[in-house]
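Engineer: I have a structure here, written as structure tokens, and I will follow up with some questions on it.
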Amino acid sequence: MKILSLNTWTEKGPWRERWEIIFNAIAQMQPDMIAFQEIFNPEWAREVQTRLGYPELVYLPESETSGLTVLSKFRVIRSTSFKLKTQSPRTEPLRFFLFAEFQTGGSKVSILNTHLTWRVNESEIRRAQVEEILKFIEKQNSEQKIIICGDFNAGP
């Protein structure tokens with residue numbers, strides 16, 4: 001299974017030209033699932049889905065999100081989103097995570113897509129956001145495969 005995670009840098013700068021490069025690269029890579037960050041426009045998310053030919057789209061509908069989107073070749077079983085309790089005190093898009101479970105043949109796999117706070121000096125906020133995500137994962141079925149994707153805004 002191939003999974004791609006990509007921050008699309010929203011609709012800023014030469015975004016249409018950037019998307020043509022993205023479309024071409026995805027056509028070459030042929031990932032089974034894609035976790036995007038910063039697709040803030042639901043109409044654009046559906047257009048991306050159509051252009052790339054993925055049958056499943058999970059989009060975080062809240063208006064002030066990190067633009068979280070998952071495209072998949074596998075059937076979505078369920079999806080949910082959570083607003084992280086820990087947020088930057090500065091104005092920025094609120095931080096969430098998107099969780100979706102998919103049927104992949106005889107098994108299930110889940111994608112958790114997030115976009116953590118971006119400011120360099122807010123590593124403690126990022127750490128707290130990761131702890132929230134880990135608590136959520138601990139509550140899931142222990143047999144379930146969960147792949148965490150996203151823009152973590154931190155080094156390895």
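Simple scheme: letters A, B, ... for chains in structure tokens order, numbers from 1 for residues in each chain, numbers from 1 for ligands in the order shown.
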Write out as a VMD selection string the residues lying within 10 Å of A:Leu112, counting only C-alpha atoms and excluding same-chain residues fewer than 5 positions away.
Structural biologist: chain A and resid 35 68 70 79 to 81 97 to 101 133 137 146 to 150
Engineer: Which residues, written as a list in words, have at least one atom at most 7 Å from stretch 151-155 of chain A, with only C-alpha atoms counted and residues fewer than 5 positions away on the same chain left out?
Structural biologist: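 Listing them by chain and then by number gives Asn7, Gln37, Thr114, His115, Leu116, Thr117 and Trp118 of chain A.
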Engineer: Quick one: of A:Gly105, A:Arg90, A:Phe96, A:Ser142, who's nearest to A:Asn121, counting only C-alpha atoms?
Structural biologist: A:Arg90
Engineer: Per residue of stretch 47-121 of chain A within 10 Å of stretch 14-26 of chain A, what are the shortest atom pair and its distance in Å to one decimal, counting only C-alpha atoms, with rows by chain and residue number, as CSV?
Structural biologist:
```
residue,atom,partner,partner_atom,distance
A:Val48,CA,A:Phe23,CA,8.4
A:Arg51,CA,A:Phe23,CA,8.0
A:Leu52,CA,A:Phe23,CA,7.1
```
Engineer: Using only N, CA, C and O atoms, please write the residues we just selected to a file, as an mmCIF file, in the first residue's frame.
Structural biologist:
```
data_model
loop_
_atom_site.group_PDB
_atom_site.id
_atom_site.type_symbol
_atom_site.label_atom_id
_atom_site.label_comp_id
_atom_site.auth_asym_id
_atom_site.auth_seq_id
_atom_site.Cartn_x
_atom_site.Cartn_y
_atom_site.Cartn_z
ATOM 1 N N VAL A 48 -10.238 18.043 -7.016
ATOM 2 C CA VAL A 48 -9.006 17.242 -6.916
ATOM 3 C C VAL A 48 -9.359 15.754 -6.959
ATOM 4 O O VAL A 48 -8.733 14.970 -7.680
ATOM 5 N N ARG A 51 -10.353 14.896 -10.583
ATOM 6 C CA ARG A 51 -9.200 14.894 -11.499
ATOM 7 C C ARG A 51 -8.266 13.722 -11.262
ATOM 8 O O ARG A 51 -7.690 13.185 -12.197
ATOM 9 N N LEU A 52 -8.118 13.323 -10.004
ATOM 10 C CA LEU A 52 -7.221 12.218 -9.690
ATOM 11 C C LEU A 52 -7.905 10.852 -9.797
ATOM 12 O O LEU A 52 -7.229 9.829 -9.833
#
```
Engineer: Between A:Lys2, A:Ile34, A:Asn113, A:Lys12, which has the minimum distance to A:Val130 (counting only C-alpha atoms)?
Structural biologist: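 Using only C-alpha atoms, A:Val130 sits closest to A:Asn113.
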Engineer: Nearest to A:Arg126: which of A:Thr65, A:Gln28, A:Ser88, A:Gln140 is it, counting only C-alpha atoms?
Structural biologist: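 Smallest separation from A:Arg126 among the options: A:Ser88.
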Engineer: Step one, run DSSP on the backbone; step two, keep only residues of chain A assigned to helix (DSSP H, G or I); then write them as a PyMOL selection string.
Structural biologist: chain A and resi 15-29+42-52+123-138
Engineer: List every residue of stretch 20-154 of chain A that DSSP, applied to the backbone, labels as strand (DSSP E), and write the result as JSON, numbers by chain.
Structural biologist: {"A": [33, 34, 35, 36, 37, 56, 57, 58, 59, 69, 70, 71, 72, 75, 76, 77, 78, 79, 80, 81, 82, 83, 96, 97, 98, 99, 100, 101, 102, 103, 104, 107, 108, 109, 110, 111, 112, 113, 114, 115, 145, 146, 147, 148, 149, 150, 151]}
Engineer: For atom CA of A:Leu94 and atom CA of A:Glu131, determine how far apart the two atoms are, in Å to one decimal place.
Structural biologist: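 Atom CA of A:Glu131 lies 16.8 Å from atom CA of A:Leu94.
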Engineer: Given only C-alpha atoms as the basis, pick out the residue of A:Tyr59, A:Phe82, A:Trp9, A:Phe102 nearest to A:Met33.
Structural biologist: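 The shortest atom-to-atom distance to A:Met33 comes from A:Phe102.
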